[in-house]
>>> print(open('run.txt').read())   # compact mmCIF, C-alpha atoms
# COMPACT_ATOMS: atom_id res chain seq x y z
CA MET N 1 5.86 6.04 -47.51
CA ASN N 2 3.05 3.61 -46.95
CA LYS N 3 0.88 3.61 -43.85
CA LEU N 4 2.62 0.76 -42.06
CA THR N 5 6.14 2.16 -42.40
CA ARG N 6 4.89 5.57 -41.36
CA MET N 7 3.34 4.17 -38.18
CA ILE N 8 6.51 2.29 -37.31
CA VAL N 9 8.77 5.24 -38.04
CA VAL N 10 6.69 7.74 -36.05
CA LEU N 11 6.37 5.51 -32.99
CA THR N 12 10.06 4.60 -33.09
CA VAL N 13 11.14 8.22 -33.33
CA ILE N 14 8.84 9.30 -30.48
CA GLY N 15 10.09 6.40 -28.37
CA LEU N 16 13.74 7.20 -29.06
CA ILE N 17 13.32 10.89 -28.23
CA SER N 18 11.46 10.08 -25.01
CA GLY N 19 14.07 7.54 -24.02
CA GLY N 20 16.88 10.00 -24.64
CA ILE N 21 15.24 12.77 -22.63
CA LEU N 22 14.41 10.43 -19.76
CA ALA N 23 17.95 9.06 -19.63
CA GLY N 24 19.21 12.62 -19.23
CA VAL N 25 16.68 13.56 -16.55
CA TYR N 26 17.41 10.33 -14.68
CA GLN N 27 21.15 10.99 -14.68
CA TRP N 28 20.49 14.50 -13.39
CA SER N 29 18.17 13.48 -10.57
CA LEU N 30 19.86 10.26 -9.43
CA PRO N 31 22.50 11.88 -7.17
CA LYS N 32 19.80 14.04 -5.56
CA ILE N 33 17.55 11.05 -4.89
CA LYS N 34 20.47 9.10 -3.42
CA ALA N 35 21.41 12.07 -1.23
CA ASN N 36 17.84 12.29 0.05
CA GLN N 37 17.84 8.62 1.02
CA VAL N 38 21.15 8.99 2.85
CA ARG N 39 19.86 12.07 4.67
CA ALA N 40 16.71 10.25 5.76
CA THR N 41 18.77 7.37 7.17
CA ASP N 42 21.15 9.80 8.88
CA GLU N 43 18.30 11.61 10.59
CA ALA N 44 16.73 8.39 11.85
CA VAL N 45 20.01 6.93 13.15
CA PHE N 46 20.98 10.16 14.90
CA LYS N 47 17.55 10.33 16.48
CA VAL N 48 17.44 6.82 17.97
CA VAL N 49 21.05 6.53 19.19
CA PRO N 50 22.15 9.56 21.24
CA GLY N 51 25.74 10.75 20.98
CA VAL N 52 26.47 9.11 17.65
CA LYS N 53 29.00 10.80 15.37
CA SER N 54 29.47 8.16 12.70
CA TYR N 55 27.93 4.86 11.76
CA ARG N 56 28.61 1.83 9.62
CA SER N 57 25.71 0.13 7.90
CA ILE N 58 25.67 -3.66 7.94
CA GLU N 59 23.39 -5.84 5.88
CA HIS N 60 22.75 -9.41 6.91
CA ASP N 61 20.22 -11.32 4.79
CA ASP N 62 17.04 -9.23 5.09
CA LEU N 63 18.29 -7.39 8.13
CA THR N 64 19.85 -3.93 7.99
CA TYR N 65 21.42 -2.36 11.04
CA PHE N 66 23.79 0.47 11.77
CA LYS N 67 26.70 0.21 14.19
CA CYS N 68 27.08 3.62 15.80
CA PHE N 69 30.26 5.22 17.11
CA ASP N 70 30.86 8.39 19.12
CA LYS N 71 33.49 11.01 18.28
CA ASN N 72 36.32 8.90 19.74
CA GLY N 73 35.31 5.93 17.63
CA LYS N 74 33.86 4.06 20.61
CA TRP N 75 30.89 1.80 19.89
CA VAL N 76 27.87 3.41 21.59
CA GLY N 77 24.95 1.49 20.22
CA THR N 78 23.16 0.04 17.26
CA ALA N 79 20.25 1.31 15.20
CA ILE N 80 18.16 -1.48 13.76
CA LEU N 81 15.86 -1.05 10.77
CA CYS N 82 12.62 -2.97 11.38
CA GLN N 83 9.61 -3.57 9.20
CA GLY N 84 6.44 -5.56 9.37
CA ASN N 85 2.70 -5.40 8.99
CA GLY N 86 0.58 -2.90 10.85
CA TYR N 87 -3.19 -2.53 10.86
CA GLN N 88 -3.50 -1.28 7.27
CA GLY N 89 -0.12 -1.73 5.68
CA GLU N 90 3.57 -1.96 6.24
CA ILE N 91 5.20 -0.13 9.12
CA LYS N 92 8.87 0.74 8.79
CA LEU N 93 10.73 1.98 11.83
CA MET N 94 14.18 2.40 13.33
CA VAL N 95 14.99 1.35 16.88
CA GLY N 96 18.19 2.04 18.80
CA VAL N 97 19.83 -0.14 21.48
CA ASN N 98 22.87 0.70 23.59
CA ALA N 99 26.18 -1.12 23.19
CA ASP N 100 25.75 -3.67 26.00
CA PHE N 101 22.13 -4.32 24.98
CA THR N 102 20.48 -3.40 28.28
CA ARG N 103 18.27 -0.53 27.13
CA PHE N 104 16.54 0.82 24.07
CA THR N 105 17.77 4.31 23.32
CA GLY N 106 15.00 5.47 21.02
CA MET N 107 12.52 4.61 18.31
CA THR N 108 11.25 6.48 15.29
CA ILE N 109 8.58 5.54 12.75
CA LEU N 110 9.84 5.96 9.19
CA GLU N 111 6.81 4.88 7.18
CA GLN N 112 3.27 3.95 8.14
CA VAL N 113 -0.21 4.05 6.65
CA GLU N 114 -2.27 3.55 9.82
CA THR N 115 -5.66 5.21 10.35
CA PRO N 116 -5.20 8.98 10.70
CA GLY N 117 -6.09 10.17 14.17
CA LEU N 118 -5.94 6.66 15.65
CA GLY N 119 -3.21 4.24 14.59
CA ALA N 120 -1.19 7.02 13.02
CA LYS N 121 -0.50 8.25 16.55
CA ILE N 122 2.29 5.65 16.69
CA ALA N 123 4.37 8.21 14.81
CA GLU N 124 3.76 10.88 17.46
CA LYS N 125 6.43 11.92 19.91
CA SER N 126 4.51 10.79 23.00
CA PHE N 127 4.40 7.19 21.74
CA GLU N 128 7.92 7.11 20.31
CA ASP N 129 9.36 8.53 23.54
CA GLN N 130 8.07 5.55 25.52
CA PHE N 131 10.83 3.47 23.94
CA ARG N 132 13.64 5.68 25.17
CA GLY N 133 15.25 4.00 28.19
CA LEU N 134 13.03 0.94 27.93
CA ALA N 135 14.65 -2.25 29.24
CA ALA N 136 15.90 -4.39 26.36
CA ARG N 137 15.26 -7.67 28.13
CA PRO N 138 12.80 -9.41 28.44
CA PRO N 139 11.09 -8.58 25.13
CA ILE N 140 8.82 -5.51 25.15
CA GLU N 141 5.26 -5.92 26.39
CA TYR N 142 2.36 -3.51 26.08
CA VAL N 143 -0.34 -2.69 28.62
CA LYS N 144 -3.75 -1.17 27.94
CA GLY N 145 -5.33 1.70 29.80
CA VAL N 146 -2.98 1.64 32.82
CA ALA N 147 0.44 3.11 33.35
CA PRO N 148 3.28 0.63 32.69
CA GLU N 149 4.67 -0.94 35.89
CA LYS N 150 7.61 -2.95 34.67
CA PRO N 151 10.67 -1.46 32.91
CA HIS N 152 10.03 -3.42 29.72
CA GLN N 153 6.43 -2.29 29.28
CA ILE N 154 4.89 0.46 27.19
CA GLN N 155 1.35 1.78 27.17
CA ALA N 156 -0.70 1.07 24.06
CA ILE N 157 -2.49 4.00 22.40
CA THR N 158 -6.18 4.15 23.33
CA GLY N 159 -8.24 3.04 20.36
CA ALA N 160 -5.19 1.86 18.47
CA THR N 161 -4.18 -1.32 20.24
CA ILE N 162 -3.58 -3.19 16.99
CA SER N 163 -1.14 -0.59 15.69
CA SER N 164 0.62 -0.38 19.07
CA ARG N 165 0.88 -4.17 19.24
CA ALA N 166 2.18 -4.24 15.66
CA VAL N 167 5.01 -1.86 16.57
CA VAL N 168 5.94 -3.94 19.63
CA ASN N 169 5.84 -7.20 17.68
CA ILE N 170 7.87 -5.79 14.79
CA ILE N 171 10.57 -4.56 17.18
CA ASN N 172 10.68 -7.79 19.22
CA LYS N 173 10.89 -9.96 16.12
CA THR N 174 13.60 -7.91 14.44
CA VAL N 175 15.66 -7.60 17.62
CA GLU N 176 15.65 -11.41 17.98
CA GLU N 177 16.86 -11.73 14.39
CA TRP N 178 19.54 -9.14 15.05
CA LEU N 179 20.73 -10.97 18.21
CA LYS N 180 21.15 -14.11 16.16
CA ALA N 181 22.89 -12.30 13.33
CA LYS N 182 25.33 -10.03 15.14
CA MET J 1 -10.99 42.48 -35.90
CA ALA J 2 -9.80 38.97 -36.58
CA GLU J 3 -7.08 39.37 -34.02
CA GLY J 4 -9.57 40.54 -31.42
CA LYS J 5 -11.62 37.43 -32.00
CA VAL J 6 -8.63 35.14 -31.55
CA LYS J 7 -7.76 36.91 -28.32
CA ARG J 8 -11.26 36.61 -26.92
CA ASN J 9 -11.26 32.96 -27.86
CA LEU J 10 -8.04 32.38 -26.01
CA VAL J 11 -9.44 34.05 -22.90
CA PHE J 12 -12.45 31.76 -23.17
CA GLU J 13 -10.21 28.72 -23.69
CA PHE J 14 -8.44 29.62 -20.46
CA THR J 15 -11.39 30.50 -18.24
CA LYS J 16 -13.56 27.53 -19.24
CA GLY J 17 -11.15 25.26 -17.34
CA LEU J 18 -11.57 27.33 -14.18
CA TRP J 19 -15.33 27.41 -13.93
CA GLY J 20 -17.65 26.36 -16.75
CA GLU J 21 -15.80 23.15 -17.59
CA ASN J 22 -13.69 22.67 -14.48
CA PRO J 23 -12.22 19.16 -14.84
CA VAL J 24 -13.11 18.16 -11.28
CA PHE J 25 -16.38 19.95 -10.55
CA ARG J 26 -17.98 19.97 -14.00
CA GLN J 27 -16.41 17.18 -16.05
CA LEU J 28 -15.79 14.88 -13.05
CA LEU J 29 -12.51 13.71 -14.54
CA GLY J 30 -9.43 12.60 -12.63
CA MET J 31 -11.47 11.45 -9.65
CA CYS J 32 -8.85 8.97 -8.48
CA PRO J 33 -6.16 11.51 -7.45
CA THR J 34 -8.87 14.01 -6.50
CA LEU J 35 -10.30 11.71 -3.86
CA ALA J 36 -7.10 9.99 -2.79
CA VAL J 37 -4.47 12.65 -2.19
CA THR J 38 -6.46 15.65 -0.96
CA THR J 39 -5.85 14.94 2.73
CA SER J 40 -4.09 18.29 3.13
CA SER J 41 -3.89 21.51 1.17
CA VAL J 42 -0.18 20.98 0.44
CA ASN J 43 -0.83 17.51 -0.98
CA GLY J 44 -3.73 18.74 -3.10
CA PHE J 45 -1.72 21.66 -4.42
CA SER J 46 1.35 19.53 -5.21
CA MET J 47 -0.73 16.94 -7.02
CA GLY J 48 -2.43 19.71 -8.99
CA MET J 49 0.90 21.25 -9.96
CA ALA J 50 2.38 17.91 -11.03
CA THR J 51 -0.69 17.13 -13.14
CA SER J 52 -0.72 20.65 -14.63
CA PHE J 53 2.93 20.35 -15.63
CA VAL J 54 2.27 17.08 -17.44
CA LEU J 55 -0.94 18.41 -18.98
CA ILE J 56 0.60 21.64 -20.29
CA CYS J 57 3.74 20.01 -21.70
CA SER J 58 2.01 17.02 -23.26
CA SER J 59 -0.85 19.06 -24.77
CA THR J 60 1.60 21.46 -26.41
CA ILE J 61 3.87 18.71 -27.75
CA ILE J 62 0.94 16.65 -29.00
CA SER J 63 -0.52 19.67 -30.76
CA LEU J 64 2.88 20.38 -32.36
CA ILE J 65 3.24 16.87 -33.76
CA ARG J 66 -0.47 16.23 -34.39
CA LYS J 67 -0.05 16.26 -38.17
CA LEU J 68 2.86 13.82 -38.12
CA ILE J 69 1.13 11.13 -36.09
CA PRO J 70 -0.80 8.57 -38.13
CA ASN J 71 -4.36 8.21 -36.88
CA GLN J 72 -4.01 4.50 -36.09
CA VAL J 73 -1.20 4.94 -33.56
CA ARG J 74 -2.23 8.27 -32.07
CA ILE J 75 -3.21 6.96 -28.62
CA ALA J 76 0.05 5.02 -28.32
CA SER J 77 1.99 8.14 -29.30
CA TYR J 78 0.07 10.32 -26.83
CA ILE J 79 0.73 7.87 -24.01
CA VAL J 80 4.47 7.78 -24.73
CA VAL J 81 4.60 11.60 -24.69
CA ILE J 82 2.52 11.76 -21.48
CA ALA J 83 4.54 9.03 -19.77
CA THR J 84 7.77 10.87 -20.57
CA PHE J 85 6.59 14.02 -18.79
CA VAL J 86 5.13 12.04 -15.88
CA THR J 87 8.45 10.29 -15.31
CA MET J 88 10.21 13.66 -15.45
CA ALA J 89 7.81 15.09 -12.85
CA ASP J 90 8.20 12.01 -10.66
CA LEU J 91 12.01 12.14 -10.73
CA PHE J 92 11.95 15.90 -10.09
CA LEU J 93 9.71 15.50 -7.03
CA LYS J 94 11.79 12.59 -5.71
CA GLY J 95 14.98 14.58 -6.08
CA ASN J 96 13.84 17.97 -4.81
CA PHE J 97 10.76 17.41 -2.65
CA PRO J 98 11.17 13.95 -1.07
CA ASP J 99 8.48 14.58 1.57
CA ILE J 100 5.85 15.55 -0.99
CA SER J 101 6.89 12.66 -3.21
CA LYS J 102 6.39 10.28 -0.28
CA ALA J 103 3.00 11.76 0.58
CA LEU J 104 1.72 11.47 -2.99
CA GLY J 105 3.14 7.96 -3.32
CA PRO J 106 2.00 6.02 -6.39
CA PHE J 107 -0.34 8.79 -7.53
CA VAL J 108 2.42 10.66 -9.35
CA PRO J 109 3.31 7.76 -11.68
CA LEU J 110 -0.44 7.18 -12.08
CA ILE J 111 -0.83 10.60 -13.75
CA VAL J 112 0.01 8.64 -16.93
CA VAL J 113 -3.51 7.20 -16.91
CA ASN J 114 -5.20 10.35 -15.63
CA CYS J 115 -8.16 10.83 -17.94
CA ILE J 116 -7.92 14.64 -17.90
CA ILE J 117 -4.61 14.47 -19.73
CA LEU J 118 -5.47 11.86 -22.34
CA GLY J 119 -8.90 13.48 -22.61
CA ARG J 120 -7.49 16.91 -23.43
CA ALA J 121 -4.96 15.37 -25.83
CA GLU J 122 -7.59 13.43 -27.76
CA ALA J 123 -10.47 15.91 -27.56
CA TYR J 124 -8.59 19.19 -27.88
CA ALA J 125 -4.83 19.24 -28.48
CA SER J 126 -5.00 16.89 -31.46
CA LYS J 127 -7.41 19.26 -33.23
CA HIS J 128 -6.10 22.72 -32.34
CA THR J 129 -2.97 24.84 -32.76
CA PRO J 130 -0.18 24.62 -30.16
CA LEU J 131 -1.07 28.05 -28.75
CA GLN J 132 -4.72 27.11 -28.26
CA ALA J 133 -3.72 23.74 -26.80
CA LEU J 134 -1.32 25.45 -24.40
CA VAL J 135 -3.95 27.91 -23.18
CA ASP J 136 -6.55 25.17 -22.87
CA ALA J 137 -4.14 22.99 -20.86
CA LEU J 138 -3.18 25.96 -18.70
CA GLY J 139 -6.83 26.63 -17.87
CA MET J 140 -7.60 22.98 -17.17
CA GLY J 141 -4.44 22.66 -15.09
CA VAL J 142 -5.17 25.73 -12.99
CA GLY J 143 -8.78 24.59 -12.57
CA PHE J 144 -7.65 21.14 -11.44
CA THR J 145 -5.07 22.59 -9.04
CA LEU J 146 -7.63 25.01 -7.58
CA ALA J 147 -10.18 22.25 -7.08
CA LEU J 148 -7.68 19.94 -5.38
CA THR J 149 -6.35 22.71 -3.16
CA VAL J 150 -9.87 23.69 -2.06
CA LEU J 151 -10.75 20.06 -1.31
CA GLY J 152 -7.46 19.54 0.53
CA THR J 153 -7.88 22.70 2.57
CA ILE J 154 -11.43 21.86 3.69
CA ARG J 155 -10.44 18.30 4.61
CA GLU J 156 -7.33 19.49 6.43
CA ILE J 157 -9.22 22.05 8.51
CA LEU J 158 -11.99 19.65 9.49
CA GLY J 159 -10.00 16.42 9.62
CA SER J 160 -6.73 17.38 11.27
CA GLY J 161 -7.77 20.68 12.84
CA THR J 162 -4.63 22.24 11.43
CA LEU J 163 -4.15 25.21 9.17
CA PHE J 164 -1.24 27.52 9.87
CA GLY J 165 -1.42 26.04 13.39
CA VAL J 166 -4.01 28.51 14.65
CA LEU J 167 -7.08 26.33 14.89
CA ASN J 168 -7.82 24.37 17.99
CA PHE J 169 -10.71 21.93 18.06
CA GLU J 170 -11.32 18.21 18.11
CA PRO J 171 -10.53 16.99 14.58
CA TRP J 172 -13.21 15.20 12.62
CA VAL J 173 -11.23 12.10 11.62
CA VAL J 174 -13.60 10.89 8.90
CA MET J 175 -12.67 13.90 6.77
CA ILE J 176 -9.11 12.55 6.38
CA LEU J 177 -10.39 9.07 5.53
CA PRO J 178 -11.68 8.19 2.04
CA GLY J 179 -15.27 8.85 3.13
CA GLY J 180 -14.46 12.50 3.84
CA ALA J 181 -13.25 12.93 0.26
CA PHE J 182 -16.58 11.76 -1.16
CA ILE J 183 -18.59 13.89 1.28
CA THR J 184 -16.57 17.04 0.58
CA LEU J 185 -16.56 16.57 -3.19
CA GLY J 186 -20.29 15.84 -3.30
CA LEU J 187 -21.18 18.89 -1.23
CA LEU J 188 -18.86 21.14 -3.28
CA ILE J 189 -20.34 19.97 -6.58
CA GLY J 190 -23.82 20.50 -5.15
CA LEU J 191 -22.87 24.01 -4.06
CA LEU J 192 -21.42 24.88 -7.47
CA ASN J 193 -24.50 23.52 -9.25
CA PHE J 194 -26.67 25.60 -6.93
CA ILE J 195 -24.68 28.76 -7.69
CA LYS J 196 -24.79 28.02 -11.39
CA GLU J 197 -28.55 27.56 -11.34
CA ARG J 198 -29.06 30.75 -9.34
CA THR J 199 -26.90 32.90 -11.58
CA GLY J 200 -28.66 31.37 -14.57
CA LYS J 201 -25.66 31.54 -16.86
CA PRO J 202 -26.18 29.77 -20.16
CA ALA J 203 -24.35 26.49 -20.50
CA SER J 204 -20.95 26.98 -22.08
CA ALA J 205 -19.62 25.03 -25.02
CA PRO J 206 -18.99 21.35 -24.44
CA ALA J 207 -15.49 20.39 -23.26
CA CYS J 208 -15.15 18.04 -26.21
CA PRO J 209 -15.96 20.10 -29.30
CA ILE J 210 -17.26 17.96 -32.12
CA ASP J 211 -15.80 19.13 -35.38
>>> encode(input="run.txt", output="structure tokens")
Amino acid sequence: MNKLTRMIVVLTVIGLISGGILAGVYQWSLPKIKANQVRATDEAVFKVVPGVKSYRSIEHDDLTYFKCFDKNGKWVGTAILCQGNGYQGEIKLMVGVNADFTRFTGMTILEQVETPGLGAKIAEKSFEDQFRGLAARPPIEYVKGVAPEKPHQIQAITGATISSRAVVNIINKTVEEWLKAK
Amino acid sequence: MAEGKVKRNLVFEFTKGLWGENPVFRQLLGMCPTLAVTTSSVNGFSMGMATSFVLICSSTIISLIRKLIPNQVRIASYIVVIATFVTMADLFLKGNFPDISKALGPFVPLIVVNCIILGRAEAYASKHTPLQALVDALGMGVGFTLALTVLGTIREILGSGTLFGVLNFEPWVVMILPGGAFITLGLLIGLLNFIKERTGKPASAPACPID
């Protein structure tokens, strides 16, 4: 066997074996990966819409939202998947609104890469909890340094105004899109 | 007699990765994951384990097939073998440890280009028997994991003020940021060099034997 054929044969065989092994491993892990994604969505939906027993996911262009039903099949609210730019990278979050769209029922940050210790506080309970019971209309506003006075206001995190503003803007923008789409 | 020598050699092949030729502290290889993912001890440890898995498997396989691979395409062959194990590790983490997989992000797929792995394949595994390659990879892997776990633990204690939830002080945020990685690594290397100078141990054999 001359050099050239040998090179081709060896590389081809290695490639084929690798491909075969990887196909097997992929098949084995795919259901687990899918199950993890479903579980992550479940957790987020159940967290932002209280009393939900089942949900139906709806995709509309770029928008994904989840219509939530209680145990009697009554529509109790909607969880909306929102994403947009934060201070350092993309923020992905889930926000819940009640069925007649008067109040937000919760918010949870799914992914963020904000500055640890500052912007990353948007994922802490104390910030997320501000969105529970917040008036849905007019759009959310944020205040700095003082306690919120109006029902549609939240307090920005000290030292992380940009991240706080990003969360508010992402929610407001996505909710508008959802209102148009639904 | 001959057997005794082989055994002692294997012990040396293992321990050199831990101290004398530690990939992070002595060879300064694999700096990218070392600096980027060691924000907590769990992250450092997981990254170390993933890299060790790839290193051990690929070194052994490469050593097994070293005589079949033509010299001209050896790097391409090594990379295919390494990439196979990296993809396996990535899928395994995604399926079984989704939180860790998320925390490590793109650094798991990037193990493919980690210079420790290709370095050991080219400098060691391609010239030694599978058993020697396995022991060498094991030592390097454990050394890498130890180094990353130490870095992660220090940065976690200082930067987040958390370790087993017993510490309570104002966290030093810079330690979690990239700057903290450089500071910690620099000080640790300095400390190890200091210890090495004090103990006056003779320099061990180079990590890339020329033969």
>>> residues_around(input="run.txt", residues="segment 123-135 of chain J", least_positions_apart="2", cutoff="12 Å", atoms="only C-alpha atoms", output="PyMOL selection string")
chain J and resi 6-18+52-71+74-75+77-78+115-121+137-142+206-211
>>> write_last_selection(input="run.txt", atoms="C-alpha atoms", output="compact mmCIF listing (two decimals), in the coordinates of the input")
# COMPACT_ATOMS: atom_id res chain seq x y z
CA VAL J 6 -8.63 35.14 -31.55
CA LYS J 7 -7.76 36.91 -28.32
CA ARG J 8 -11.26 36.61 -26.92
CA ASN J 9 -11.26 32.96 -27.86
CA LEU J 10 -8.04 32.38 -26.01
CA VAL J 11 -9.44 34.05 -22.90
CA PHE J 12 -12.45 31.76 -23.17
CA GLU J 13 -10.21 28.72 -23.69
CA PHE J 14 -8.44 29.62 -20.46
CA THR J 15 -11.39 30.50 -18.24
CA LYS J 16 -13.56 27.53 -19.24
CA GLY J 17 -11.15 25.26 -17.34
CA LEU J 18 -11.57 27.33 -14.18
CA SER J 52 -0.72 20.65 -14.63
CA PHE J 53 2.93 20.35 -15.63
CA VAL J 54 2.27 17.08 -17.44
CA LEU J 55 -0.94 18.41 -18.98
CA ILE J 56 0.60 21.64 -20.29
CA CYS J 57 3.74 20.01 -21.70
CA SER J 58 2.01 17.02 -23.26
CA SER J 59 -0.85 19.06 -24.77
CA THR J 60 1.60 21.46 -26.41
CA ILE J 61 3.87 18.71 -27.75
CA ILE J 62 0.94 16.65 -29.00
CA SER J 63 -0.52 19.67 -30.76
CA LEU J 64 2.88 20.38 -32.36
CA ILE J 65 3.24 16.87 -33.76
CA ARG J 66 -0.47 16.23 -34.39
CA LYS J 67 -0.05 16.26 -38.17
CA LEU J 68 2.86 13.82 -38.12
CA ILE J 69 1.13 11.13 -36.09
CA PRO J 70 -0.80 8.57 -38.13
CA ASN J 71 -4.36 8.21 -36.88
CA ARG J 74 -2.23 8.27 -32.07
CA ILE J 75 -3.21 6.96 -28.62
CA SER J 77 1.99 8.14 -29.30
CA TYR J 78 0.07 10.32 -26.83
CA CYS J 115 -8.16 10.83 -17.94
CA ILE J 116 -7.92 14.64 -17.90
CA ILE J 117 -4.61 14.47 -19.73
CA LEU J 118 -5.47 11.86 -22.34
CA GLY J 119 -8.90 13.48 -22.61
CA ARG J 120 -7.49 16.91 -23.43
CA ALA J 121 -4.96 15.37 -25.83
CA ALA J 137 -4.14 22.99 -20.86
CA LEU J 138 -3.18 25.96 -18.70
CA GLY J 139 -6.83 26.63 -17.87
CA MET J 140 -7.60 22.98 -17.17
CA GLY J 141 -4.44 22.66 -15.09
CA VAL J 142 -5.17 25.73 -12.99
CA PRO J 206 -18.99 21.35 -24.44
CA ALA J 207 -15.49 20.39 -23.26
CA CYS J 208 -15.15 18.04 -26.21
CA PRO J 209 -15.96 20.10 -29.30
CA ILE J 210 -17.26 17.96 -32.12
CA ASP J 211 -15.80 19.13 -35.38
>>> interface_residues(input="run.txt", of="chain N", to="chain J", cutoff="12 Å", atoms="all atoms listed in the file", output="PDB file with C-alpha atoms, in the coordinates of the input")
ATOM      1  CA  MET N   1       5.860   6.040 -47.510  1.00  0.00           C
ATOM      2  CA  ASN N   2       3.050   3.610 -46.950  1.00  0.00           C
ATOM      3  CA  LYS N   3       0.880   3.610 -43.850  1.00  0.00           C
ATOM      4  CA  LEU N   4       2.620   0.760 -42.060  1.00  0.00           C
ATOM      5  CA  THR N   5       6.140   2.160 -42.400  1.00  0.00           C
ATOM      6  CA  ARG N   6       4.890   5.570 -41.360  1.00  0.00           C
ATOM      7  CA  MET N   7       3.340   4.170 -38.180  1.00  0.00           C
ATOM      8  CA  ILE N   8       6.510   2.290 -37.310  1.00  0.00           C
ATOM      9  CA  VAL N   9       8.770   5.240 -38.040  1.00  0.00           C
ATOM     10  CA  VAL N  10       6.690   7.740 -36.050  1.00  0.00           C
ATOM     11  CA  LEU N  11       6.370   5.510 -32.990  1.00  0.00           C
ATOM     12  CA  THR N  12      10.060   4.600 -33.090  1.00  0.00           C
ATOM     13  CA  VAL N  13      11.140   8.220 -33.330  1.00  0.00           C
ATOM     14  CA  ILE N  14       8.840   9.300 -30.480  1.00  0.00           C
ATOM     15  CA  GLY N  15      10.090   6.400 -28.370  1.00  0.00           C
ATOM     16  CA  LEU N  16      13.740   7.200 -29.060  1.00  0.00           C
ATOM     17  CA  ILE N  17      13.320  10.890 -28.230  1.00  0.00           C
ATOM     18  CA  SER N  18      11.460  10.080 -25.010  1.00  0.00           C
ATOM     19  CA  GLY N  19      14.070   7.540 -24.020  1.00  0.00           C
ATOM     20  CA  GLY N  20      16.880  10.000 -24.640  1.00  0.00           C
ATOM     21  CA  ILE N  21      15.240  12.770 -22.630  1.00  0.00           C
ATOM     22  CA  LEU N  22      14.410  10.430 -19.760  1.00  0.00           C
ATOM     23  CA  ALA N  23      17.950   9.060 -19.630  1.00  0.00           C
ATOM     24  CA  GLY N  24      19.210  12.620 -19.230  1.00  0.00           C
ATOM     25  CA  VAL N  25      16.680  13.560 -16.550  1.00  0.00           C
ATOM     26  CA  TYR N  26      17.410  10.330 -14.680  1.00  0.00           C
ATOM     27  CA  GLN N  27      21.150  10.990 -14.680  1.00  0.00           C
ATOM     28  CA  TRP N  28      20.490  14.500 -13.390  1.00  0.00           C
ATOM     29  CA  SER N  29      18.170  13.480 -10.570  1.00  0.00           C
ATOM     30  CA  LEU N  30      19.860  10.260  -9.430  1.00  0.00           C
ATOM     31  CA  PRO N  31      22.500  11.880  -7.170  1.00  0.00           C
ATOM     32  CA  LYS N  32      19.800  14.040  -5.560  1.00  0.00           C
ATOM     33  CA  ILE N  33      17.550  11.050  -4.890  1.00  0.00           C
ATOM     34  CA  LYS N  34      20.470   9.100  -3.420  1.00  0.00           C
ATOM     35  CA  ALA N  35      21.410  12.070  -1.230  1.00  0.00           C
ATOM     36  CA  ASN N  36      17.840  12.290   0.050  1.00  0.00           C
ATOM     37  CA  GLN N  37      17.840   8.620   1.020  1.00  0.00           C
ATOM     38  CA  VAL N  38      21.150   8.990   2.850  1.00  0.00           C
ATOM     39  CA  ARG N  39      19.860  12.070   4.670  1.00  0.00           C
ATOM     40  CA  ALA N  40      16.710  10.250   5.760  1.00  0.00           C
ATOM     41  CA  LEU N 110       9.840   5.960   9.190  1.00  0.00           C
ATOM     42  CA  GLU N 111       6.810   4.880   7.180  1.00  0.00           C
ATOM     43  CA  GLN N 112       3.270   3.950   8.140  1.00  0.00           C
ATOM     44  CA  VAL N 113      -0.210   4.050   6.650  1.00  0.00           C
ATOM     45  CA  GLU N 114      -2.270   3.550   9.820  1.00  0.00           C
ATOM     46  CA  THR N 115      -5.660   5.210  10.350  1.00  0.00           C
ATOM     47  CA  PRO N 116      -5.200   8.980  10.700  1.00  0.00           C
ATOM     48  CA  GLY N 117      -6.090  10.170  14.170  1.00  0.00           C
ATOM     49  CA  LEU N 118      -5.940   6.660  15.650  1.00  0.00           C
ATOM     50  CA  GLY N 119      -3.210   4.240  14.590  1.00  0.00           C
ATOM     51  CA  ALA N 120      -1.190   7.020  13.020  1.00  0.00           C
TER      52      ALA N 120
END
>>> atom_distance(input="run.txt", atom1="atom CA of Gly77 of chain N", atom2="atom CA of Ser163 of chain N")
26.6 Å
>>> atom_distance(input="run.txt", atom1="atom CA of Arg103 of chain N", atom2="atom CA of His60 of chain N")
22.5 Å
>>> closest_residue(input="run.txt", among="N:Ile122, N:Leu134, N:Met94, N:Ile170", to="Ile157 of chain N", atoms="all atoms listed in the file")
N:Ile122
>>> residues_around(input="run.txt", residues="Gly73 of chain N", least_positions_apart="2", cutoff="12 Å", atoms="only C-alpha atoms", output="list in words")
Gly51, Val52, Lys53, Ser54, Tyr55, Arg56, Lys67, Cys68, Phe69, Asp70, Lys71, Trp75, Val76 and Gly77 of chain N
>>> atom_distance(input="run.txt", atom1="atom CA of Gly106 of chain N", atom2="atom CA of Asn172 of chain N")
14.1 Å
>>> residues_around(input="run.txt", residues="Ala156 of chain N", least_positions_apart="4", cutoff="6 Å", atoms="all atoms listed in the file", output="short mmCIF file (atom, residue, chain, number, x, y, z; two decimals) with C-alpha atoms, in the coordinates of the input")
data_model
loop_
_atom_site.label_atom_id
_atom_site.label_comp_id
_atom_site.auth_asym_id
_atom_site.auth_seq_id
_atom_site.Cartn_x
_atom_site.Cartn_y
_atom_site.Cartn_z
CA TYR N 142 2.36 -3.51 26.08
CA VAL N 143 -0.34 -2.69 28.62
CA LYS N 144 -3.75 -1.17 27.94
CA THR N 161 -4.18 -1.32 20.24
CA SER N 164 0.62 -0.38 19.07
#
>>> closest_residue(input="run.txt", among="J:Trp19, J:Ile111, J:Pro178, J:Ile100", to="Ile195 of chain J", atoms="all atoms listed in the file")
J:Trp19
